[in-house]
file protein.cif (mmCIF, C-alpha atoms)
data_target
#
loop_
_atom_site.label_atom_id
_atom_site.label_comp_id
_atom_site.auth_asym_id
_atom_site.auth_seq_id
_atom_site.Cartn_x
_atom_site.Cartn_y
_atom_site.Cartn_z
CA GLU A 348 5.90 -17.08 -9.78
CA THR A 349 6.45 -13.62 -11.27
CA GLY A 350 5.86 -10.64 -9.00
CA VAL A 351 4.41 -7.26 -9.85
CA THR A 352 6.56 -5.29 -12.27
CA GLN A 353 6.37 -1.63 -13.25
CA SER A 354 7.94 0.48 -15.97
CA PRO A 355 9.66 2.79 -16.29
CA THR A 356 11.63 3.05 -13.06
CA HIS A 357 12.12 6.79 -13.29
CA LEU A 358 10.55 9.45 -15.46
CA ILE A 359 11.07 13.18 -15.82
CA LYS A 360 8.41 15.30 -17.48
CA THR A 361 7.59 18.97 -17.73
CA ARG A 362 4.42 20.66 -16.60
CA GLY A 363 1.53 20.25 -19.03
CA GLN A 364 2.84 17.04 -20.59
CA GLN A 365 1.18 13.65 -20.49
CA VAL A 366 2.61 10.43 -19.06
CA THR A 367 1.81 6.72 -19.19
CA LEU A 368 2.98 4.30 -16.51
CA ARG A 369 2.75 0.54 -16.89
CA CYS A 370 2.17 -2.36 -14.55
CA SER A 371 2.18 -6.13 -14.97
CA SER A 372 0.25 -7.95 -12.30
CA GLN A 373 1.46 -10.97 -10.36
CA SER A 374 0.66 -14.31 -11.93
CA GLY A 375 -2.85 -15.45 -11.01
CA HIS A 376 -4.09 -12.00 -9.96
CA ASN A 377 -7.04 -10.32 -11.68
CA THR A 378 -7.11 -6.89 -10.04
CA VAL A 379 -4.77 -3.92 -10.22
CA SER A 380 -4.81 -0.91 -7.92
CA TRP A 381 -2.80 2.27 -8.34
CA TYR A 382 -1.49 4.46 -5.53
CA GLN A 383 0.34 7.79 -5.41
CA GLN A 384 2.96 8.21 -2.70
CA ALA A 385 4.29 11.71 -2.10
CA LEU A 386 7.68 12.01 -0.44
CA GLY A 387 7.49 11.10 3.26
CA GLN A 388 3.82 10.17 3.10
CA GLY A 389 1.72 7.04 2.93
CA PRO A 390 0.32 5.93 -0.43
CA GLN A 391 -3.00 7.39 -1.54
CA PHE A 392 -5.49 5.26 -3.52
CA ILE A 393 -6.02 6.48 -7.08
CA PHE A 394 -8.22 3.75 -8.58
CA GLN A 395 -8.63 0.04 -9.08
CA TYR A 396 -9.30 -2.06 -12.16
CA TYR A 397 -11.06 -5.41 -12.26
CA ARG A 398 -12.03 -7.22 -15.45
CA GLU A 399 -10.92 -4.23 -17.50
CA GLU A 400 -13.30 -1.84 -15.74
CA GLU A 401 -12.74 0.77 -13.07
CA ASN A 402 -13.76 -0.70 -9.73
CA GLY A 403 -13.51 2.27 -7.42
CA ARG A 404 -11.71 5.59 -7.44
CA GLY A 405 -10.06 7.81 -4.87
CA ASN A 406 -10.06 11.58 -4.66
CA PHE A 407 -8.12 12.24 -7.87
CA PRO A 408 -9.20 14.44 -10.82
CA PRO A 409 -10.31 13.00 -14.17
CA ARG A 410 -6.94 13.75 -15.74
CA PHE A 411 -5.82 10.60 -13.93
CA SER A 412 -7.14 7.71 -15.99
CA GLY A 413 -6.33 4.06 -16.46
CA LEU A 414 -6.76 0.91 -18.44
CA GLN A 415 -6.63 -2.78 -17.75
CA PHE A 416 -5.90 -5.27 -20.48
CA PRO A 417 -7.17 -8.85 -20.96
CA ASN A 418 -3.91 -10.19 -19.50
CA TYR A 419 -4.64 -8.09 -16.36
CA SER A 420 -1.76 -5.70 -16.94
CA SER A 421 -2.61 -2.03 -16.51
CA GLU A 422 -1.70 1.51 -17.46
CA LEU A 423 -2.00 4.74 -15.53
CA ASN A 424 -2.27 7.87 -17.65
CA VAL A 425 -1.90 11.38 -16.32
CA ASN A 426 -2.72 14.35 -18.56
CA ALA A 427 -1.77 18.00 -18.10
CA LEU A 428 0.92 17.23 -15.55
CA GLU A 429 1.26 19.54 -12.57
CA LEU A 430 4.22 20.01 -10.26
CA ASP A 431 2.28 18.31 -7.43
CA ASP A 432 2.05 15.14 -9.51
CA SER A 433 5.70 14.47 -8.67
CA ALA A 434 5.57 11.30 -6.60
CA LEU A 435 6.21 7.58 -6.49
CA TYR A 436 3.44 5.72 -8.29
CA LEU A 437 2.78 2.24 -6.96
CA CYS A 438 0.87 -0.52 -8.61
CA ALA A 439 -0.55 -3.40 -6.56
CA SER A 440 -2.17 -6.58 -7.76
CA SER A 441 -4.53 -8.94 -5.98
CA THR A 442 -7.25 -11.49 -6.52
CA TRP A 443 -10.55 -9.79 -5.85
CA THR A 444 -13.81 -11.52 -5.08
CA ILE A 445 -17.05 -10.05 -3.85
CA SER A 446 -16.81 -11.86 -0.54
CA THR A 447 -13.25 -11.28 0.56
CA ALA A 448 -10.43 -8.80 0.44
CA ASP A 449 -7.26 -10.45 -0.72
CA THR A 450 -3.85 -9.05 0.07
CA GLN A 451 -2.43 -6.52 -2.35
CA TYR A 452 1.13 -7.09 -3.52
CA PHE A 453 3.09 -4.09 -4.67
CA GLY A 454 5.48 -3.43 -7.49
CA PRO A 455 8.70 -1.43 -7.12
CA GLY A 456 7.06 1.80 -8.27
CA THR A 457 7.74 4.49 -10.85
CA ARG A 458 9.32 7.72 -9.64
CA LEU A 459 7.78 10.62 -11.60
CA THR A 460 9.36 14.05 -11.45
CA VAL A 461 7.51 16.99 -12.98
CA LEU A 462 9.61 20.09 -13.70
CA ALA B 269 -13.03 10.64 6.88
CA GLN B 270 -12.00 7.14 7.80
CA THR B 271 -8.36 7.45 8.77
CA VAL B 272 -5.34 5.46 9.86
CA THR B 273 -3.07 7.16 12.39
CA GLN B 274 0.55 6.42 13.13
CA SER B 275 1.51 9.00 15.72
CA GLN B 276 5.20 8.12 16.05
CA PRO B 277 7.20 9.40 13.06
CA GLU B 278 10.43 7.66 14.09
CA MET B 279 11.61 4.89 16.38
CA SER B 280 14.93 3.28 17.10
CA VAL B 281 15.73 -0.16 18.51
CA GLN B 282 18.89 -1.99 19.49
CA GLU B 283 19.69 -5.05 17.44
CA ALA B 284 18.25 -8.25 19.01
CA GLU B 285 15.76 -6.29 21.13
CA THR B 286 11.99 -5.90 20.77
CA VAL B 287 10.12 -2.88 19.45
CA THR B 288 6.42 -2.08 19.13
CA LEU B 289 5.00 0.20 16.45
CA SER B 290 1.60 1.77 17.15
CA CYS B 291 -1.38 2.30 14.88
CA THR B 292 -4.96 3.38 15.44
CA TYR B 293 -7.70 3.54 12.86
CA ASP B 294 -11.20 4.68 12.33
CA THR B 295 -13.92 2.74 10.54
CA SER B 296 -17.68 2.41 10.56
CA GLU B 297 -17.57 -1.07 9.08
CA SER B 298 -17.62 -4.31 11.02
CA ASP B 299 -15.78 -6.37 8.41
CA TYR B 300 -12.36 -5.13 7.43
CA TYR B 301 -8.72 -6.15 7.22
CA LEU B 302 -5.59 -4.62 8.67
CA PHE B 303 -2.06 -4.80 7.33
CA TRP B 304 1.46 -3.80 8.15
CA TYR B 305 3.68 -3.12 5.16
CA LYS B 306 7.44 -2.50 5.17
CA GLN B 307 9.10 -0.14 2.69
CA PRO B 308 12.90 -0.24 2.69
CA PRO B 309 14.92 2.55 1.07
CA SER B 310 14.80 0.51 -2.15
CA ARG B 311 11.08 1.52 -1.97
CA GLN B 312 9.30 -1.77 -2.80
CA MET B 313 6.37 -2.16 -0.40
CA ILE B 314 6.48 -5.60 1.23
CA LEU B 315 3.68 -7.21 3.22
CA VAL B 316 4.71 -7.96 6.81
CA ILE B 317 1.49 -9.24 8.36
CA ARG B 318 -2.27 -9.24 7.90
CA GLN B 319 -5.17 -9.41 10.37
CA GLU B 320 -8.84 -10.08 9.64
CA ALA B 321 -11.07 -8.02 11.92
CA TYR B 322 -13.47 -10.92 12.55
CA LYS B 323 -10.65 -13.03 14.01
CA GLN B 324 -9.96 -12.55 17.71
CA GLN B 325 -6.61 -14.31 17.56
CA ASN B 326 -3.67 -12.02 16.91
CA ALA B 327 -1.72 -12.76 13.72
CA THR B 328 1.89 -13.93 13.94
CA GLU B 329 4.57 -14.30 11.27
CA ASN B 330 7.89 -15.52 12.66
CA ARG B 331 9.41 -12.54 14.55
CA PHE B 332 6.43 -10.29 13.76
CA SER B 333 3.20 -10.28 15.73
CA VAL B 334 0.31 -7.91 16.22
CA ASN B 335 -1.76 -6.75 19.16
CA PHE B 336 -5.23 -6.21 17.70
CA GLN B 337 -7.70 -4.43 20.00
CA LYS B 338 -10.91 -4.16 17.98
CA ALA B 339 -12.92 -2.14 20.49
CA ALA B 340 -10.10 0.36 20.87
CA LYS B 341 -9.42 0.32 17.10
CA SER B 342 -5.76 -0.29 17.78
CA PHE B 343 -3.39 -2.44 15.75
CA SER B 344 0.23 -2.47 16.90
CA LEU B 345 3.15 -4.40 15.41
CA LYS B 346 5.73 -6.09 17.62
CA ILE B 347 9.10 -6.99 16.13
CA SER B 348 11.10 -9.42 18.24
CA ASP B 349 14.83 -10.05 17.98
CA SER B 350 15.27 -6.99 15.75
CA GLN B 351 17.71 -7.34 12.87
CA LEU B 352 19.58 -4.74 10.84
CA GLY B 353 17.45 -5.68 7.84
CA ASP B 354 14.32 -4.59 9.70
CA ALA B 355 15.33 -0.96 9.25
CA ALA B 356 12.70 0.59 6.97
CA MET B 357 9.55 2.67 6.86
CA TYR B 358 6.55 0.76 8.22
CA PHE B 359 3.00 1.53 7.16
CA CYS B 360 -0.20 0.47 8.82
CA ALA B 361 -3.11 0.08 6.41
CA ARG B 362 -6.81 -0.74 6.53
CA SER B 363 -8.77 -2.39 3.73
CA THR B 364 -12.49 -1.76 3.43
CA GLY B 365 -15.18 -1.27 0.87
CA ALA B 366 -16.34 -3.25 -2.10
CA ASN B 367 -13.04 -2.73 -3.86
CA SER B 368 -10.92 -3.33 -0.75
CA LYS B 369 -8.93 -0.18 -1.30
CA LEU B 370 -6.12 0.38 1.19
CA THR B 371 -6.03 3.44 3.43
CA PHE B 372 -2.52 4.00 4.79
CA GLY B 373 -1.10 5.81 7.76
CA LYS B 374 1.77 8.27 7.31
CA GLY B 375 4.31 5.63 8.26
CA ILE B 376 7.01 5.29 10.87
CA THR B 377 10.74 5.16 10.18
CA LEU B 378 12.41 2.39 12.16
CA SER B 379 16.16 2.40 12.62
CA VAL B 380 18.08 -0.53 14.11
CA ARG B 381 21.28 0.16 16.05
CA PRO B 382 24.05 -2.45 15.79
#

call {"tool": "encode", "arguments": {"input": "protein.cif", "output": "structure tokens"}}
result
Amino acid sequence: ETGVTQSPTHLIKTRGQQVTLRCSSQSGHNTVSWYQQALGQGPQFIFQYYREEENGRGNFPPRFSGLQFPNYSSELNVNALELDDSALYLCASSTWTISTADTQYFGPGTRLTVL
Amino acid sequence: AQTVTQSQPEMSVQEAETVTLSCTYDTSESDYYLFWYKQPPSRQMILVIRQEAYKQQNATENRFSVNFQKAAKSFSLKISDSQLGDAAMYFCARSTGANSKLTFGKGITLSVRP
């Protein structure tokens, strides 16, 4: 069974640029959630994708956007990067149903540094 | 705001001894799930244990067990026979809502003394 994978591992960008982060979900999972983890803090929910549609969003501006593909992999796009966007970005996959909350399994993360 | 609070930023335990990590949470929902995740310095978040709020029995996974007090909204993690590999940041998290998003505490850094 393949776990959650993310790419790239590290990324350095400058303020104002755009970035795309990628996530492949664990085999058998249909839902992907993205989290931002600032240094020394707990992860903060950005949004979730289920069946290629956004299924809930946290308190993040519209310049954070995402996609989910038919194979359940996902992308996180961030436009107009700001210094405060520097963080570890975590992807988590799960099997979502309307009646139960399944456990989310995390990938290793992408460390984004904005200069 | 519905929050998860981990009031102890750091704890230390002697190898082979027992340690308890505290967590309290706030929620207006009756049906929710609670988790403890471990994040070693390598940074991959690993599930330690999960508790369904409707279950009165405390969850157990080998050396890890929880003390779930629903009325007090308390969810502590007990690690027995601590090992050097247990050293990591531990996060308490609550899952609620239609999309089961996770709300995390700030985490606690656990060190294990040989």

call {"tool": "atom_distance", "arguments": {"input": "protein.cif", "atom1": "CA of Gln451 in chain A", "atom2": "CA of Ser368 in chain B"}}
result
9.2 Å

call {"tool": "resolve_selection", "arguments": {"input": "protein.cif", "expression": "the PyMOL selection byres ((chain B) within 6 of (chain A))", "output": "list in words"}}
result
Gln312, Met313, Ser368, Phe372, Gly373 and Lys374 of chain B

call {"tool": "resolve_selection", "arguments": {"input": "protein.cif", "expression": "the PyMOL selection byres ((chain B and resi 327) around 12)", "output": "ChimeraX atom specification"}}
result
/B:301-304,316-326,328-336,343-346

call {"tool": "resolve_selection", "arguments": {"input": "protein.cif", "expression": "the PyMOL selection byres ((chain B and resi 278-290) around 6)", "output": "PDB file with C-alpha atoms, keeping the file's coordinate frame"}}
result
ATOM      1  CA  GLN B 276       5.200   8.120  16.050  1.00  0.00           C
ATOM      2  CA  PRO B 277       7.200   9.400  13.060  1.00  0.00           C
ATOM      3  CA  CYS B 291      -1.380   2.300  14.880  1.00  0.00           C
ATOM      4  CA  SER B 344       0.230  -2.470  16.900  1.00  0.00           C
ATOM      5  CA  LEU B 345       3.150  -4.400  15.410  1.00  0.00           C
ATOM      6  CA  LYS B 346       5.730  -6.090  17.620  1.00  0.00           C
ATOM      7  CA  ILE B 347       9.100  -6.990  16.130  1.00  0.00           C
ATOM      8  CA  SER B 348      11.100  -9.420  18.240  1.00  0.00           C
ATOM      9  CA  ASP B 349      14.830 -10.050  17.980  1.00  0.00           C
ATOM     10  CA  SER B 350      15.270  -6.990  15.750  1.00  0.00           C
ATOM     11  CA  GLN B 351      17.710  -7.340  12.870  1.00  0.00           C
ATOM     12  CA  ILE B 376       7.010   5.290  10.870  1.00  0.00           C
ATOM     13  CA  THR B 377      10.740   5.160  10.180  1.00  0.00           C
ATOM     14  CA  LEU B 378      12.410   2.390  12.160  1.00  0.00           C
ATOM     15  CA  SER B 379      16.160   2.400  12.620  1.00  0.00           C
ATOM     16  CA  VAL B 380      18.080  -0.530  14.110  1.00  0.00           C
ATOM     17  CA  ARG B 381      21.280   0.160  16.050  1.00  0.00           C
ATOM     18  CA  PRO B 382      24.050  -2.450  15.790  1.00  0.00           C
TER      19      PRO B 382
END

call {"tool": "closest_residue", "arguments": {"input": "protein.cif", "among": "B:Asp294, B:Ser275, B:Phe359, B:Thr364", "to": "Gln307 in chain B", "atoms": "all atoms listed in the file"}}
result
B:Phe359

call {"tool": "atom_distance", "arguments": {"input": "protein.cif", "atom1": "CA of Tyr436 in chain A", "atom2": "CA of Leu315 in chain B"}}
result
17.3 Å

call {"tool": "residues_near_point", "arguments": {"input": "protein.cif", "point": "(3.9, 21.7, -22.5)", "cutoff": "12 Å", "atoms": "all atoms listed in the file", "output": "ChimeraX atom specification"}}
result
/A:360-366,426-429,461-462

call {"tool": "axis_aligned_box", "arguments": {"input": "protein.cif", "around": "range 321-335 of chain B", "padding_each_side": "8 Å", "output": "JSON"}}
result
{"center_x": -2.0, "center_y": -11.1, "center_z": 15.2, "size_x": 38.9, "size_y": 24.8, "size_z": 23.9}

call {"tool": "closest_residue", "arguments": {"input": "protein.cif", "among": "A:Thr349, A:Ser412, A:Cys370, A:Leu358", "to": "Cys438 in chain A", "atoms": "only C-alpha atoms"}}
result
A:Cys370

call {"tool": "decode", "arguments": {"input": "protein.cif", "residues": "range 383-397 of chain A", "atoms": "all heavy atoms", "output": "PDB file, in the first residue's frame"}}
result
ATOM      1  N   GLN A 383      -1.574  24.152   6.559  1.00  0.00           N
ATOM      2  CA  GLN A 383      -0.369  24.980   6.646  1.00  0.00           C
ATOM      3  C   GLN A 383       0.136  24.931   8.074  1.00  0.00           C
ATOM      4  O   GLN A 383      -0.620  25.145   9.017  1.00  0.00           O
ATOM      5  CB  GLN A 383      -0.706  26.436   6.285  1.00  0.00           C
ATOM      6  CG  GLN A 383       0.498  27.379   6.346  1.00  0.00           C
ATOM      7  CD  GLN A 383       0.078  28.832   6.340  1.00  0.00           C
ATOM      8  OE1 GLN A 383      -0.543  29.320   7.272  1.00  0.00           O
ATOM      9  NE2 GLN A 383       0.434  29.554   5.276  1.00  0.00           N
ATOM     10  N   GLN A 384       1.415  24.625   8.236  1.00  0.00           N
ATOM     11  CA  GLN A 384       1.998  24.550   9.576  1.00  0.00           C
ATOM     12  C   GLN A 384       3.155  25.537   9.686  1.00  0.00           C
ATOM     13  O   GLN A 384       4.240  25.313   9.137  1.00  0.00           O
ATOM     14  CB  GLN A 384       2.480  23.137   9.892  1.00  0.00           C
ATOM     15  CG  GLN A 384       2.956  22.976  11.327  1.00  0.00           C
ATOM     16  CD  GLN A 384       3.417  21.572  11.653  1.00  0.00           C
ATOM     17  OE1 GLN A 384       3.685  20.755  10.786  1.00  0.00           O
ATOM     18  NE2 GLN A 384       3.508  21.263  12.936  1.00  0.00           N
ATOM     19  N   ALA A 385       2.922  26.623  10.398  1.00  0.00           N
ATOM     20  CA  ALA A 385       3.994  27.579  10.661  1.00  0.00           C
ATOM     21  C   ALA A 385       4.952  26.980  11.689  1.00  0.00           C
ATOM     22  O   ALA A 385       4.581  26.086  12.463  1.00  0.00           O
ATOM     23  CB  ALA A 385       3.406  28.891  11.177  1.00  0.00           C
ATOM     24  N   LEU A 386       6.156  27.491  11.719  1.00  0.00           N
ATOM     25  CA  LEU A 386       7.185  26.950  12.603  1.00  0.00           C
ATOM     26  C   LEU A 386       6.745  26.993  14.063  1.00  0.00           C
ATOM     27  O   LEU A 386       6.307  28.036  14.552  1.00  0.00           O
ATOM     28  CB  LEU A 386       8.467  27.765  12.422  1.00  0.00           C
ATOM     29  CG  LEU A 386       9.761  27.088  12.901  1.00  0.00           C
ATOM     30  CD1 LEU A 386       9.997  25.791  12.140  1.00  0.00           C
ATOM     31  CD2 LEU A 386      10.932  28.034  12.717  1.00  0.00           C
ATOM     32  N   GLY A 387       6.780  25.844  14.736  1.00  0.00           N
ATOM     33  CA  GLY A 387       6.434  25.774  16.148  1.00  0.00           C
ATOM     34  C   GLY A 387       4.951  25.810  16.449  1.00  0.00           C
ATOM     35  O   GLY A 387       4.561  25.958  17.613  1.00  0.00           O
ATOM     36  N   GLN A 388       4.126  25.675  15.430  1.00  0.00           N
ATOM     37  CA  GLN A 388       2.677  25.730  15.611  1.00  0.00           C
ATOM     38  C   GLN A 388       2.014  24.448  15.129  1.00  0.00           C
ATOM     39  O   GLN A 388       2.630  23.619  14.455  1.00  0.00           O
ATOM     40  CB  GLN A 388       2.091  26.912  14.813  1.00  0.00           C
ATOM     41  CG  GLN A 388       2.634  28.262  15.220  1.00  0.00           C
ATOM     42  CD  GLN A 388       2.235  28.655  16.615  1.00  0.00           C
ATOM     43  OE1 GLN A 388       1.097  28.489  17.028  1.00  0.00           O
ATOM     44  NE2 GLN A 388       3.188  29.175  17.381  1.00  0.00           N
ATOM     45  N   GLY A 389       0.750  24.291  15.474  1.00  0.00           N
ATOM     46  CA  GLY A 389      -0.028  23.193  14.936  1.00  0.00           C
ATOM     47  C   GLY A 389      -0.515  23.512  13.535  1.00  0.00           C
ATOM     48  O   GLY A 389      -0.631  24.685  13.164  1.00  0.00           O
ATOM     49  N   PRO A 390      -0.784  22.508  12.739  1.00  0.00           N
ATOM     50  CA  PRO A 390      -1.290  22.740  11.373  1.00  0.00           C
ATOM     51  C   PRO A 390      -2.639  23.459  11.385  1.00  0.00           C
ATOM     52  O   PRO A 390      -3.448  23.250  12.280  1.00  0.00           O
ATOM     53  CB  PRO A 390      -1.435  21.319  10.818  1.00  0.00           C
ATOM     54  CG  PRO A 390      -0.524  20.469  11.642  1.00  0.00           C
ATOM     55  CD  PRO A 390      -0.559  21.082  13.011  1.00  0.00           C
ATOM     56  N   GLN A 391      -2.828  24.290  10.363  1.00  0.00           N
ATOM     57  CA  GLN A 391      -4.087  25.012  10.173  1.00  0.00           C
ATOM     58  C   GLN A 391      -4.740  24.520   8.877  1.00  0.00           C
ATOM     59  O   GLN A 391      -4.075  24.455   7.832  1.00  0.00           O
ATOM     60  CB  GLN A 391      -3.832  26.522  10.062  1.00  0.00           C
ATOM     61  CG  GLN A 391      -3.210  27.130  11.307  1.00  0.00           C
ATOM     62  CD  GLN A 391      -4.178  27.234  12.455  1.00  0.00           C
ATOM     63  OE1 GLN A 391      -5.325  27.632  12.269  1.00  0.00           O
ATOM     64  NE2 GLN A 391      -3.743  26.871  13.649  1.00  0.00           N
ATOM     65  N   PHE A 392      -6.029  24.221   8.938  1.00  0.00           N
ATOM     66  CA  PHE A 392      -6.769  23.690   7.788  1.00  0.00           C
ATOM     67  C   PHE A 392      -6.899  24.757   6.712  1.00  0.00           C
ATOM     68  O   PHE A 392      -7.379  25.862   6.983  1.00  0.00           O
ATOM     69  CB  PHE A 392      -8.137  23.220   8.278  1.00  0.00           C
ATOM     70  CG  PHE A 392      -9.064  22.744   7.207  1.00  0.00           C
ATOM     71  CD1 PHE A 392      -8.871  21.531   6.568  1.00  0.00           C
ATOM     72  CD2 PHE A 392     -10.170  23.511   6.839  1.00  0.00           C
ATOM     73  CE1 PHE A 392      -9.743  21.072   5.603  1.00  0.00           C
ATOM     74  CE2 PHE A 392     -11.055  23.061   5.867  1.00  0.00           C
ATOM     75  CZ  PHE A 392     -10.845  21.844   5.249  1.00  0.00           C
ATOM     76  N   ILE A 393      -6.514  24.396   5.482  1.00  0.00           N
ATOM     77  CA  ILE A 393      -6.662  25.318   4.351  1.00  0.00           C
ATOM     78  C   ILE A 393      -7.952  24.988   3.604  1.00  0.00           C
ATOM     79  O   ILE A 393      -8.843  25.828   3.488  1.00  0.00           O
ATOM     80  CB  ILE A 393      -5.460  25.234   3.386  1.00  0.00           C
ATOM     81  CG1 ILE A 393      -4.151  25.523   4.130  1.00  0.00           C
ATOM     82  CG2 ILE A 393      -5.649  26.221   2.226  1.00  0.00           C
ATOM     83  CD1 ILE A 393      -2.907  25.344   3.276  1.00  0.00           C
ATOM     84  N   PHE A 394      -8.036  23.794   3.046  1.00  0.00           N
ATOM     85  CA  PHE A 394      -9.249  23.317   2.391  1.00  0.00           C
ATOM     86  C   PHE A 394      -9.168  21.822   2.169  1.00  0.00           C
ATOM     87  O   PHE A 394      -8.134  21.184   2.396  1.00  0.00           O
ATOM     88  CB  PHE A 394      -9.549  24.031   1.059  1.00  0.00           C
ATOM     89  CG  PHE A 394      -8.369  24.235   0.148  1.00  0.00           C
ATOM     90  CD1 PHE A 394      -7.567  23.173  -0.259  1.00  0.00           C
ATOM     91  CD2 PHE A 394      -8.063  25.504  -0.320  1.00  0.00           C
ATOM     92  CE1 PHE A 394      -6.491  23.373  -1.107  1.00  0.00           C
ATOM     93  CE2 PHE A 394      -6.994  25.712  -1.173  1.00  0.00           C
ATOM     94  CZ  PHE A 394      -6.211  24.649  -1.565  1.00  0.00           C
ATOM     95  N   GLN A 395     -10.309  21.281   1.722  1.00  0.00           N
ATOM     96  CA  GLN A 395     -10.411  19.849   1.461  1.00  0.00           C
ATOM     97  C   GLN A 395     -11.054  19.650   0.093  1.00  0.00           C
ATOM     98  O   GLN A 395     -11.922  20.428  -0.315  1.00  0.00           O
ATOM     99  CB  GLN A 395     -11.271  19.167   2.525  1.00  0.00           C
ATOM    100  CG  GLN A 395     -11.404  17.660   2.360  1.00  0.00           C
ATOM    101  CD  GLN A 395     -12.330  17.064   3.403  1.00  0.00           C
ATOM    102  OE1 GLN A 395     -13.529  16.970   3.211  1.00  0.00           O
ATOM    103  NE2 GLN A 395     -11.753  16.640   4.527  1.00  0.00           N
ATOM    104  N   TYR A 396     -10.628  18.604  -0.588  1.00  0.00           N
ATOM    105  CA  TYR A 396     -11.208  18.245  -1.879  1.00  0.00           C
ATOM    106  C   TYR A 396     -11.758  16.829  -1.849  1.00  0.00           C
ATOM    107  O   TYR A 396     -11.113  15.895  -1.342  1.00  0.00           O
ATOM    108  CB  TYR A 396     -10.175  18.390  -3.000  1.00  0.00           C
ATOM    109  CG  TYR A 396     -10.072  19.809  -3.469  1.00  0.00           C
ATOM    110  CD1 TYR A 396      -9.266  20.726  -2.790  1.00  0.00           C
ATOM    111  CD2 TYR A 396     -10.828  20.268  -4.546  1.00  0.00           C
ATOM    112  CE1 TYR A 396      -9.214  22.045  -3.190  1.00  0.00           C
ATOM    113  CE2 TYR A 396     -10.769  21.590  -4.958  1.00  0.00           C
ATOM    114  CZ  TYR A 396      -9.955  22.467  -4.260  1.00  0.00           C
ATOM    115  OH  TYR A 396      -9.910  23.778  -4.652  1.00  0.00           O
ATOM    116  N   TYR A 397     -12.967  16.711  -2.382  1.00  0.00           N
ATOM    117  CA  TYR A 397     -13.645  15.417  -2.481  1.00  0.00           C
ATOM    118  C   TYR A 397     -14.321  15.372  -3.837  1.00  0.00           C
ATOM    119  O   TYR A 397     -15.064  16.297  -4.189  1.00  0.00           O
ATOM    120  CB  TYR A 397     -14.664  15.261  -1.349  1.00  0.00           C
ATOM    121  CG  TYR A 397     -15.587  14.081  -1.479  1.00  0.00           C
ATOM    122  CD1 TYR A 397     -15.106  12.779  -1.390  1.00  0.00           C
ATOM    123  CD2 TYR A 397     -16.953  14.278  -1.690  1.00  0.00           C
ATOM    124  CE1 TYR A 397     -15.962  11.694  -1.505  1.00  0.00           C
ATOM    125  CE2 TYR A 397     -17.812  13.196  -1.805  1.00  0.00           C
ATOM    126  CZ  TYR A 397     -17.313  11.912  -1.708  1.00  0.00           C
ATOM    127  OH  TYR A 397     -18.161  10.838  -1.823  1.00  0.00           O
TER     128      TYR A 397
END
